[in-house]
Amino acid sequence: MLDFIYHMPTKIYAGEEIVRKQSKLLSNYGNKALIITGKHSAKANGALKDVVAALESCNIIYTIFDKIEENPSTETVEEAAVLGRAEEVDFIVAIGGGSPLDAAKAIGVMIYHKNLTGDTLFSKEILTSIPIIAIPTTSGTGSEVTPYAIITDHYAKTKRNLGQRIFPQIAFLDARYNSYMPDKVTLDTALDAMNHLVESYLSKKSNIMTEMFVEKGLTLWKECIPAMLKKEFPLSVREKLMMTSTFAGIAIAQTGTSLPHGMGYSITYFKGISHGIANTVLYPGYLNSFKDKTKIQNILSIIGVDTIDDFCELLKQLVMQKVTLTDEEIKTWSKNFYHQKEKLKNHLEVVTEEDIYNIYKNIL
Ligand code: NAP
Ligand code: FE
């Protein structure tokens with residue numbers, strides 16, 4: 001029975017030199033921009049240079065904040081928002097992986113709502129942001145087309161979704177920027193994109209629209225497997241990984257993610273393991289925990305493997321880092337996670353605290 005709402009308002013412009021070709025669009029958002037980036041990559045991969053040239057061609061004044069760290073914190077977001085307020089910027093251009101893109105959404109909310117601080121950022125009210133233009137330079141999070149912003153809350157000792165629905169106004173996709181990613185970042189982020197596809201498909205909210213994006217995304221991801229195993233990434237492969245990530249973002253924008261994402265945050269926060277790996281290592285336990293494996297079989301057949309074990313064997317080759325957890329960590333995190341009922345509600349089957357424990361225990 002059909003029963004869904006589909007809403008993805010971000011305009012997507014894709015192609016080589018797309019920022020230069022579409023620079024006039026920036027004039028629609030005001031006269032003053034705040035550029036948000038990570039510490040190095042936006043300068044090295046040419047994206048910052050292209051954005052500056054595009055803004056200058058429209059006579060838009062800009063300020064650069066280039067201090068966003070991986071897994072951005074409320075403190076850094078607040079520092080950037082204070083700058084943006086002082087400069088009275090009209091909109092944000094965010095360049096980078098999920099960290100700068102997510103941070104930009106939180107910063108945009110704080111610039112719009114001048115009284116918000118890092119401490120009151122996770123407000124339950126529905127808040128607005130100034131416009132965001134997103135330029136992804138990794139192929140993993142899909143943040144350029146999702147309404148989510150994952151921010152590290154050191155007070156709560158975890159990463160949390162901001163709780164607001166902030167879709168960027170525009171996503172500019174140019175795979176040339178992604179060509180500078182080191183192999184590890186390429187694989188970690190490609191795993192995150194695959195996680196989004198799988199978790200969206202296995203969500204209660206999965207529907208005919210999201211499944212269309214998931215099936216195409218998994219097909220593209222499968223086509224990149226030989227390149228990922230050889231760690232050879234020509235532009236044609238970069239473009240496929242980029243579209244995998246954006247399709248996955250469009251899917252999770254509707255369905256949300258599921259158990260591995262919620263459970264992986266503790267692995268990232270306490271062990272410093274990258275986001276894509278933190279989720280992927282939970283896949284043997286996650287996939288095997290399903291009593292009804294019909295939908296999992298569909299995923300395996302698109303990927304071109306016969307069994308969950310074969311799939312996990314492939315994942316093992318793509319995870320470039322060993323993760324080990326102590327029994328004490330597993331017990332504490334299982335208890336904490338099990339009490340976040342919000343995170344369990346999209347899962348197709350009933351989950352117990354023991355199921356959560358076993359997923360952590362059967363780590364890849
Ligand atoms: P990231 O944390 O944004 O960046 C990881 C590393 O890659 C950084 O060192 C960064 O360097 C570097 N990098 C980025 N682009 C590069 C390029 N083109 N060439 C070379 N290096 C590059 O990584 P991410 O995996 O994309 O984002 C992870 C974050 O997104 C996590 O906080 C995760 O929770 C969140 N996330 C959000 C969503 C969502 O829907 N919003 C979904 C999933 C995950 P610089 O610091 O120098 O830029
Ligand atoms: Fe993710």
# chains A, B, ... in the order shown; residues from 1 in each chain; ligands from 1
call {"tool": "residues_around", "arguments": {"residues": "Ala42 (chain A)", "least_positions_apart": "4", "cutoff": "8 Å", "atoms": "only C-alpha atoms", "output": "ChimeraX atom specification"}}
result
/A:37-38,46-48,95-96,137
call {"tool": "select_by_dssp", "arguments": {"residues": "region 144-312 of chain A", "states": "strand (DSSP E)", "output": "MDAnalysis selection string"}}
result
chainID A and resid 150:153 158:161 170:173
call {"tool": "write_last_selection", "arguments": {"atoms": "N, CA, C and O atoms", "output": "PDB file, in the first residue's frame"}}
result
ATOM      1  N   ILE A 150      25.127  16.493  12.169  1.00  0.00           N
ATOM      2  CA  ILE A 150      25.597  15.689  13.307  1.00  0.00           C
ATOM      3  C   ILE A 150      26.728  16.468  13.988  1.00  0.00           C
ATOM      4  O   ILE A 150      27.779  16.716  13.391  1.00  0.00           O
ATOM      5  N   ILE A 151      26.484  16.829  15.231  1.00  0.00           N
ATOM      6  CA  ILE A 151      27.408  17.690  15.969  1.00  0.00           C
ATOM      7  C   ILE A 151      27.860  16.957  17.239  1.00  0.00           C
ATOM      8  O   ILE A 151      27.052  16.268  17.871  1.00  0.00           O
ATOM      9  N   THR A 152      29.141  17.113  17.591  1.00  0.00           N
ATOM     10  CA  THR A 152      29.646  16.471  18.807  1.00  0.00           C
ATOM     11  C   THR A 152      29.284  17.318  20.019  1.00  0.00           C
ATOM     12  O   THR A 152      29.587  18.507  20.069  1.00  0.00           O
ATOM     13  N   ASP A 153      28.621  16.658  20.967  1.00  0.00           N
ATOM     14  CA  ASP A 153      28.211  17.322  22.205  1.00  0.00           C
ATOM     15  C   ASP A 153      29.087  16.745  23.321  1.00  0.00           C
ATOM     16  O   ASP A 153      28.841  15.637  23.794  1.00  0.00           O
ATOM     17  N   THR A 158      28.737  12.421  23.306  1.00  0.00           N
ATOM     18  CA  THR A 158      28.385  11.696  22.087  1.00  0.00           C
ATOM     19  C   THR A 158      28.152  12.682  20.957  1.00  0.00           C
ATOM     20  O   THR A 158      28.262  13.898  21.144  1.00  0.00           O
ATOM     21  N   LYS A 159      27.858  12.114  19.765  1.00  0.00           N
ATOM     22  CA  LYS A 159      27.474  12.952  18.637  1.00  0.00           C
ATOM     23  C   LYS A 159      25.954  12.918  18.548  1.00  0.00           C
ATOM     24  O   LYS A 159      25.337  11.895  18.806  1.00  0.00           O
ATOM     25  N   ARG A 160      25.367  14.055  18.198  1.00  0.00           N
ATOM     26  CA  ARG A 160      23.896  14.121  18.157  1.00  0.00           C
ATOM     27  C   ARG A 160      23.460  14.843  16.899  1.00  0.00           C
ATOM     28  O   ARG A 160      24.132  15.763  16.440  1.00  0.00           O
ATOM     29  N   ASN A 161      22.288  14.436  16.395  1.00  0.00           N
ATOM     30  CA  ASN A 161      21.704  15.196  15.295  1.00  0.00           C
ATOM     31  C   ASN A 161      21.150  16.492  15.883  1.00  0.00           C
ATOM     32  O   ASN A 161      20.550  16.494  16.949  1.00  0.00           O
ATOM     33  N   ILE A 170      21.241  24.782  -2.319  1.00  0.00           N
ATOM     34  CA  ILE A 170      21.878  24.281  -3.539  1.00  0.00           C
ATOM     35  C   ILE A 170      22.978  23.298  -3.154  1.00  0.00           C
ATOM     36  O   ILE A 170      23.690  23.506  -2.166  1.00  0.00           O
ATOM     37  N   ALA A 171      23.111  22.216  -3.944  1.00  0.00           N
ATOM     38  CA  ALA A 171      24.281  21.340  -3.853  1.00  0.00           C
ATOM     39  C   ALA A 171      25.014  21.428  -5.181  1.00  0.00           C
ATOM     40  O   ALA A 171      24.409  21.187  -6.238  1.00  0.00           O
ATOM     41  N   PHE A 172      26.288  21.818  -5.133  1.00  0.00           N
ATOM     42  CA  PHE A 172      27.126  21.820  -6.335  1.00  0.00           C
ATOM     43  C   PHE A 172      28.007  20.572  -6.282  1.00  0.00           C
ATOM     44  O   PHE A 172      28.798  20.414  -5.346  1.00  0.00           O
ATOM     45  N   LEU A 173      27.882  19.696  -7.277  1.00  0.00           N
ATOM     46  CA  LEU A 173      28.660  18.449  -7.277  1.00  0.00           C
ATOM     47  C   LEU A 173      29.700  18.465  -8.391  1.00  0.00           C
ATOM     48  O   LEU A 173      29.347  18.508  -9.569  1.00  0.00           O
TER      49      LEU A 173
END
call {"tool": "atom_distance", "arguments": {"atom1": "CA of His7 (chain A)", "atom2": "CA of Gln254 (chain A)"}}
result
7.3 Å
call {"tool": "select_by_dssp", "arguments": {"residues": "region 6-190 of chain A", "states": "helix (DSSP H, G or I)", "output": "PyMOL selection string"}}
result
chain A and resi 18-21+23-29+41-44+47-57+74-86+98-112+118-120+143-145+175-180+183-190
call {"tool": "residues_near_ligand", "arguments": {"ligand": "ligand 2", "cutoff": "10 Å", "atoms": "only C-alpha atoms and all ligand atoms", "output": "VMD selection string"}}
result
chain A and resid 98 140 to 143 150 189 to 197 199 245 248 to 249 252 256 to 258 260 to 262 264 to 265 275 to 279
call {"tool": "write_last_selection", "arguments": {"atoms": "N, CA, C and O atoms", "output": "short mmCIF file (atom, residue, chain, number, x, y, z; two decimals), in the first residue's frame"}}
result
data_model
loop_
_atom_site.label_atom_id
_atom_site.label_comp_id
_atom_site.auth_asym_id
_atom_site.auth_seq_id
_atom_site.Cartn_x
_atom_site.Cartn_y
_atom_site.Cartn_z
N GLY A 98 31.40 15.76 5.36
CA GLY A 98 30.21 15.92 6.19
C GLY A 98 30.44 16.87 7.36
O GLY A 98 29.51 17.57 7.78
N GLY A 140 30.37 10.47 0.88
CA GLY A 140 29.93 9.59 1.95
C GLY A 140 28.66 10.01 2.63
O GLY A 140 27.69 9.26 2.69
N THR A 141 28.64 11.23 3.14
CA THR A 141 27.54 11.58 4.05
C THR A 141 26.26 11.95 3.32
O THR A 141 25.17 11.77 3.85
N GLY A 142 26.38 12.52 2.14
CA GLY A 142 25.17 13.01 1.45
C GLY A 142 24.60 14.25 2.13
O GLY A 142 23.49 14.69 1.81
N SER A 143 25.38 14.85 3.04
CA SER A 143 24.87 16.00 3.81
C SER A 143 24.37 17.13 2.91
O SER A 143 23.51 17.92 3.31
N ILE A 150 25.13 16.49 12.17
CA ILE A 150 25.60 15.69 13.31
C ILE A 150 26.73 16.47 13.99
O ILE A 150 27.78 16.72 13.39
N THR A 189 34.50 6.88 3.48
CA THR A 189 33.29 7.61 3.12
C THR A 189 32.42 6.78 2.16
O THR A 189 31.19 6.83 2.23
N ALA A 190 33.06 5.97 1.30
CA ALA A 190 32.27 5.08 0.42
C ALA A 190 31.51 4.06 1.27
O ALA A 190 30.38 3.67 0.92
N LEU A 191 32.10 3.64 2.39
CA LEU A 191 31.40 2.71 3.28
C LEU A 191 30.20 3.42 3.93
O LEU A 191 29.12 2.84 4.07
N ASP A 192 30.40 4.68 4.31
CA ASP A 192 29.29 5.44 4.92
C ASP A 192 28.11 5.54 3.94
O ASP A 192 26.95 5.32 4.31
N ALA A 193 28.42 5.82 2.66
CA ALA A 193 27.36 5.92 1.66
C ALA A 193 26.62 4.59 1.54
O ALA A 193 25.38 4.55 1.49
N MET A 194 27.38 3.48 1.51
CA MET A 194 26.75 2.16 1.43
C MET A 194 25.89 1.91 2.68
O MET A 194 24.77 1.40 2.58
N ASN A 195 26.40 2.31 3.84
CA ASN A 195 25.62 2.15 5.09
C ASN A 195 24.29 2.88 4.97
O ASN A 195 23.24 2.37 5.39
N HIS A 196 24.32 4.09 4.42
CA HIS A 196 23.08 4.87 4.29
C HIS A 196 22.09 4.13 3.40
O HIS A 196 20.89 4.07 3.70
N LEU A 197 22.59 3.57 2.29
CA LEU A 197 21.70 2.87 1.36
C LEU A 197 21.06 1.67 2.05
O LEU A 197 19.83 1.48 2.00
N GLU A 199 20.81 0.94 5.34
CA GLU A 199 19.96 1.26 6.50
C GLU A 199 18.65 1.92 6.07
O GLU A 199 17.61 1.71 6.70
N SER A 245 26.75 8.54 -3.09
CA SER A 245 26.60 9.26 -1.83
C SER A 245 25.39 10.20 -1.87
O SER A 245 24.62 10.28 -0.90
N ALA A 248 22.21 8.17 -1.78
CA ALA A 248 22.03 7.65 -0.42
C ALA A 248 21.52 8.77 0.50
O ALA A 248 20.65 8.54 1.35
N GLY A 249 22.04 9.99 0.30
CA GLY A 249 21.58 11.12 1.10
C GLY A 249 20.10 11.40 0.85
O GLY A 249 19.33 11.64 1.78
N ILE A 252 18.17 8.71 2.79
CA ILE A 252 18.08 8.85 4.26
C ILE A 252 17.40 10.16 4.68
O ILE A 252 16.91 10.27 5.79
N GLY A 256 15.74 8.33 7.34
CA GLY A 256 16.69 8.32 8.46
C GLY A 256 17.60 7.11 8.33
O GLY A 256 17.44 6.28 7.42
N THR A 257 18.57 7.00 9.24
CA THR A 257 19.45 5.83 9.27
C THR A 257 18.93 4.90 10.36
O THR A 257 17.82 5.09 10.86
N SER A 258 19.73 3.89 10.72
CA SER A 258 19.20 2.91 11.67
C SER A 258 20.24 2.50 12.71
O SER A 258 21.14 3.28 13.01
N PRO A 260 23.12 0.72 13.08
CA PRO A 260 24.58 0.93 13.04
C PRO A 260 24.97 2.39 13.23
O PRO A 260 25.94 2.70 13.93
N HIS A 261 24.20 3.31 12.63
CA HIS A 261 24.55 4.73 12.78
C HIS A 261 24.45 5.17 14.24
O HIS A 261 25.35 5.82 14.76
N GLY A 262 23.35 4.83 14.87
CA GLY A 262 23.17 5.23 16.27
C GLY A 262 24.23 4.60 17.16
O GLY A 262 24.79 5.24 18.05
N GLY A 264 27.17 3.39 16.22
CA GLY A 264 28.54 3.73 15.81
C GLY A 264 29.05 5.02 16.44
O GLY A 264 30.25 5.22 16.57
N TYR A 265 28.12 5.91 16.86
CA TYR A 265 28.57 7.19 17.41
C TYR A 265 29.47 6.99 18.63
O TYR A 265 30.44 7.73 18.82
N HIS A 275 33.75 7.71 11.00
CA HIS A 275 32.32 7.43 10.97
C HIS A 275 31.96 6.19 10.11
O HIS A 275 31.24 5.30 10.56
N GLY A 276 32.52 6.12 8.89
CA GLY A 276 32.18 5.00 7.98
C GLY A 276 32.60 3.66 8.56
O GLY A 276 31.86 2.67 8.49
N ILE A 277 33.78 3.61 9.17
CA ILE A 277 34.27 2.35 9.74
C ILE A 277 33.48 1.99 11.00
O ILE A 277 33.10 0.84 11.21
N ALA A 278 33.19 3.01 11.81
CA ALA A 278 32.46 2.75 13.07
C ALA A 278 31.12 2.07 12.80
O ALA A 278 30.70 1.18 13.57
N ASN A 279 30.45 2.43 11.73
CA ASN A 279 29.17 1.79 11.40
C ASN A 279 29.39 0.43 10.76
O ASN A 279 28.69 -0.54 11.07
#
call {"tool": "residues_around", "arguments": {"residues": "Ile308 (chain A)", "least_positions_apart": "6", "cutoff": "10 Å", "atoms": "only C-alpha atoms", "output": "MDAnalysis selection string"}}
result
chainID A and resid 283:284 287:288 293 296:297 299:300 314
call {"tool": "write_last_selection", "arguments": {"atoms": "C-alpha atoms", "output": "compact mmCIF listing (two decimals), in the first residue's frame"}}
result
# COMPACT_ATOMS: atom_id res chain seq x y z
CA TYR A 283 27.30 -4.94 9.94
CA PRO A 284 27.83 -8.70 10.65
CA LEU A 287 22.46 -8.00 9.20
CA ASN A 288 22.41 -11.36 11.00
CA LYS A 293 16.10 -11.70 5.61
CA ILE A 296 18.73 -8.34 2.85
CA GLN A 297 18.74 -10.94 0.07
CA ILE A 299 20.70 -6.07 -1.26
CA LEU A 300 23.11 -9.01 -1.59
CA LEU A 314 34.18 -7.91 1.21
call {"tool": "closest_residue", "arguments": {"among": "A:Ala14, A:Leu259, A:Ile5, A:Leu318", "to": "Ile225 (chain A)", "atoms": "only C-alpha atoms"}}
result
A:Leu318
call {"tool": "residues_around", "arguments": {"residues": "Glu78 (chain A)", "least_positions_apart": "6", "cutoff": "10 Å", "atoms": "only C-alpha atoms", "output": "list in words"}}
result
Gly84, Ala103, Ala106, Ile107, Met110, Ile111, Leu116, Thr117, Gly118, Asp119 and Leu121 of chain A
call {"tool": "atom_distance", "arguments": {"atom1": "CA of Asp327 (chain A)", "atom2": "CA of Leu202 (chain A)"}}
result
27.7 Å
call {"tool": "atom_distance", "arguments": {"atom1": "CA of Ala104 (chain A)", "atom2": "CA of Val51 (chain A)"}}
result
15.4 Å
call {"tool": "closest_residue", "arguments": {"among": "A:Tyr357, A:Tyr148, A:Trp221, A:Phe213", "to": "ligand 1", "atoms": "only C-alpha atoms and all ligand atoms"}}
result
A:Tyr148
call {"tool": "closest_residue", "arguments": {"among": "A:Asp174, A:Glu79, A:Asp3, A:Glu125", "to": "ligand 1", "atoms": "only C-alpha atoms and all ligand atoms"}}
result
A:Asp174
call {"tool": "closest_residue", "arguments": {"among": "A:Thr138, A:Ser57, A:Thr244, A:Asn45", "to": "Gln22 (chain A)", "atoms": "only C-alpha atoms"}}
result
A:Ser57
call {"tool": "closest_residue", "arguments": {"among": "A:Pro226, A:Pro234, A:Gly97, A:Gly15", "to": "ligand 1", "atoms": "only C-alpha atoms and all ligand atoms"}}
result
A:Gly97
call {"tool": "closest_residue", "arguments": {"among": "A:Ile303, A:Ala156, A:Ala175, A:Val237", "to": "ligand 1", "atoms": "only C-alpha atoms and all ligand atoms"}}
result
A:Ala175
call {"tool": "residues_around", "arguments": {"residues": "His113 (chain A)", "least_positions_apart": "4", "cutoff": "8 Å", "atoms": "only C-alpha atoms", "output": "PDB file with all heavy atoms, in the first residue's frame"}}
result
ATOM      1  N   VAL A 109      21.857  28.126  11.614  1.00  0.00           N
ATOM      2  CA  VAL A 109      20.771  28.250  12.604  1.00  0.00           C
ATOM      3  C   VAL A 109      21.157  29.287  13.669  1.00  0.00           C
ATOM      4  O   VAL A 109      20.352  30.137  14.059  1.00  0.00           O
ATOM      5  CB  VAL A 109      20.489  26.871  13.264  1.00  0.00           C
ATOM      6  CG1 VAL A 109      19.640  27.022  14.516  1.00  0.00           C
ATOM      7  CG2 VAL A 109      19.818  25.937  12.265  1.00  0.00           C
ATOM      8  N   LEU A 127      13.625  25.468  14.293  1.00  0.00           N
ATOM      9  CA  LEU A 127      14.418  26.674  14.022  1.00  0.00           C
ATOM     10  C   LEU A 127      14.734  26.774  12.534  1.00  0.00           C
ATOM     11  O   LEU A 127      14.723  25.779  11.808  1.00  0.00           O
ATOM     12  CB  LEU A 127      15.718  26.618  14.827  1.00  0.00           C
ATOM     13  CG  LEU A 127      15.556  26.479  16.346  1.00  0.00           C
ATOM     14  CD1 LEU A 127      16.909  26.249  17.013  1.00  0.00           C
ATOM     15  CD2 LEU A 127      14.890  27.713  16.947  1.00  0.00           C
ATOM     16  N   THR A 128      15.057  27.997  12.122  1.00  0.00           N
ATOM     17  CA  THR A 128      15.363  28.270  10.713  1.00  0.00           C
ATOM     18  C   THR A 128      16.860  28.548  10.587  1.00  0.00           C
ATOM     19  O   THR A 128      17.500  28.931  11.559  1.00  0.00           O
ATOM     20  CB  THR A 128      14.590  29.538  10.279  1.00  0.00           C
ATOM     21  OG1 THR A 128      13.231  29.325  10.640  1.00  0.00           O
ATOM     22  CG2 THR A 128      14.679  29.800   8.800  1.00  0.00           C
ATOM     23  N   SER A 129      17.378  28.395   9.385  1.00  0.00           N
ATOM     24  CA  SER A 129      18.786  28.734   9.127  1.00  0.00           C
ATOM     25  C   SER A 129      18.846  29.786   8.028  1.00  0.00           C
ATOM     26  O   SER A 129      17.928  29.891   7.219  1.00  0.00           O
ATOM     27  CB  SER A 129      19.528  27.481   8.651  1.00  0.00           C
ATOM     28  OG  SER A 129      20.782  27.818   8.097  1.00  0.00           O
TER      29      SER A 129
END
call {"tool": "residues_around", "arguments": {"residues": "Leu34 (chain A)", "least_positions_apart": "6", "cutoff": "9 Å", "atoms": "only C-alpha atoms", "output": "ChimeraX atom specification"}}
result
/A:61-65,80,83-84,87,89-94
call {"tool": "residues_around", "arguments": {"residues": "region 348-354 of chain A", "least_positions_apart": "6", "cutoff": "10 Å", "atoms": "only C-alpha atoms", "output": "PyMOL selection string"}}
result
chain A and resi 202-206+258-259+289-292+331+334-339+360
call {"tool": "write_last_selection", "arguments": {"atoms": "N, CA and C atoms", "output": "tab-separated table (two decimals), in the first residue's frame"}}
result
chain	number	residue	atom	x	y	z
A	202	LEU	N	16.44	-0.93	4.85
A	202	LEU	CA	15.96	-1.81	5.93
A	202	LEU	C	15.22	-1.02	7.01
A	203	SER	N	14.80	0.20	6.66
A	203	SER	CA	14.06	1.03	7.63
A	203	SER	C	12.56	0.84	7.45
A	204	LYS	N	11.83	1.02	8.51
A	204	LYS	CA	10.36	0.97	8.44
A	204	LYS	C	9.83	2.03	7.48
A	205	LYS	N	10.58	3.13	7.32
A	205	LYS	CA	10.10	4.24	6.49
A	205	LYS	C	10.48	4.10	5.02
A	206	SER	N	11.17	3.01	4.67
A	206	SER	CA	11.55	2.79	3.27
A	206	SER	C	10.30	2.73	2.41
A	258	SER	N	19.73	3.89	10.72
A	258	SER	CA	19.20	2.91	11.67
A	258	SER	C	20.24	2.50	12.71
A	259	LEU	N	20.14	1.27	13.19
A	259	LEU	CA	20.96	0.86	14.34
A	259	LEU	C	22.46	1.13	14.19
A	289	SER	N	21.08	-10.08	12.63
A	289	SER	CA	20.05	-9.97	13.67
A	289	SER	C	18.64	-10.02	13.08
A	290	PHE	N	18.49	-9.81	11.77
A	290	PHE	CA	17.14	-9.82	11.16
A	290	PHE	C	16.60	-11.25	11.11
A	291	LYS	N	15.35	-11.41	11.59
A	291	LYS	CA	14.73	-12.74	11.49
A	291	LYS	C	14.26	-12.96	10.06
A	292	ASP	N	13.65	-11.92	9.47
A	292	ASP	CA	13.21	-12.01	8.07
A	292	ASP	C	14.31	-11.37	7.19
A	331	LYS	N	28.90	-3.31	27.16
A	331	LYS	CA	27.76	-3.31	28.10
A	331	LYS	C	27.24	-1.89	28.33
A	334	SER	N	25.60	-0.49	25.09
A	334	SER	CA	24.34	-1.18	24.76
A	334	SER	C	23.21	-0.61	25.62
A	335	LYS	N	23.51	-0.45	26.91
A	335	LYS	CA	22.48	0.08	27.83
A	335	LYS	C	22.08	1.49	27.41
A	336	ASN	N	23.07	2.34	27.17
A	336	ASN	CA	22.77	3.73	26.77
A	336	ASN	C	21.96	3.77	25.49
A	337	PHE	N	22.41	2.97	24.51
A	337	PHE	CA	21.75	3.03	23.20
A	337	PHE	C	20.32	2.50	23.30
A	338	TYR	N	20.15	1.42	24.06
A	338	TYR	CA	18.82	0.80	24.14
A	338	TYR	C	17.78	1.78	24.71
A	339	HIS	N	18.24	2.70	25.54
A	339	HIS	CA	17.29	3.64	26.14
A	339	HIS	C	16.96	4.82	25.23
A	360	TYR	N	27.20	-5.38	18.90
A	360	TYR	CA	28.54	-4.87	19.27
A	360	TYR	C	29.55	-6.02	19.41
call {"tool": "decode", "arguments": {"residues": "region 294-307 of chain A", "atoms": "N, CA and C atoms", "output": "mmCIF file, in the first residue's frame"}}
result
data_model
loop_
_atom_site.group_PDB
_atom_site.id
_atom_site.type_symbol
_atom_site.label_atom_id
_atom_site.label_comp_id
_atom_site.auth_asym_id
_atom_site.auth_seq_id
_atom_site.Cartn_x
_atom_site.Cartn_y
_atom_site.Cartn_z
ATOM 1 N N THR A 294 14.448 -11.344 3.824
ATOM 2 C CA THR A 294 14.059 -11.170 2.416
ATOM 3 C C THR A 294 14.699 -9.922 1.811
ATOM 4 N N LYS A 295 14.590 -8.785 2.513
ATOM 5 C CA LYS A 295 15.123 -7.536 1.943
ATOM 6 C C LYS A 295 16.653 -7.568 1.881
ATOM 7 N N ILE A 296 17.262 -8.245 2.865
ATOM 8 C CA ILE A 296 18.734 -8.344 2.852
ATOM 9 C C ILE A 296 19.180 -9.121 1.608
ATOM 10 N N GLN A 297 18.408 -10.154 1.268
ATOM 11 C CA GLN A 297 18.741 -10.944 0.069
ATOM 12 C C GLN A 297 18.725 -10.060 -1.184
ATOM 13 N N ASN A 298 17.769 -9.124 -1.250
ATOM 14 C CA ASN A 298 17.732 -8.200 -2.413
ATOM 15 C C ASN A 298 19.018 -7.373 -2.480
ATOM 16 N N ILE A 299 19.472 -6.886 -1.303
ATOM 17 C CA ILE A 299 20.699 -6.072 -1.262
ATOM 18 C C ILE A 299 21.883 -6.912 -1.747
ATOM 19 N N LEU A 300 21.976 -8.148 -1.217
ATOM 20 C CA LEU A 300 23.108 -9.009 -1.587
ATOM 21 C C LEU A 300 23.116 -9.265 -3.081
ATOM 22 N N SER A 301 21.909 -9.461 -3.657
ATOM 23 C CA SER A 301 21.926 -9.779 -5.089
ATOM 24 C C SER A 301 22.303 -8.554 -5.916
ATOM 25 N N ILE A 302 21.952 -7.341 -5.484
ATOM 26 C CA ILE A 302 22.421 -6.156 -6.242
ATOM 27 C C ILE A 302 23.944 -6.037 -6.126
ATOM 28 N N ILE A 303 24.475 -6.272 -4.906
ATOM 29 C CA ILE A 303 25.934 -6.161 -4.705
ATOM 30 C C ILE A 303 26.677 -7.295 -5.428
ATOM 31 N N GLY A 304 25.955 -8.405 -5.680
ATOM 32 C CA GLY A 304 26.584 -9.514 -6.408
ATOM 33 C C GLY A 304 27.311 -10.500 -5.503
ATOM 34 N N VAL A 305 26.803 -10.661 -4.266
ATOM 35 C CA VAL A 305 27.359 -11.689 -3.364
ATOM 36 C C VAL A 305 26.221 -12.604 -2.926
ATOM 37 N N ASP A 306 26.575 -13.841 -2.490
ATOM 38 C CA ASP A 306 25.530 -14.822 -2.179
ATOM 39 C C ASP A 306 25.018 -14.729 -0.748
ATOM 40 N N THR A 307 25.936 -14.514 0.201
ATOM 41 C CA THR A 307 25.530 -14.610 1.605
ATOM 42 C C THR A 307 25.995 -13.376 2.397
#
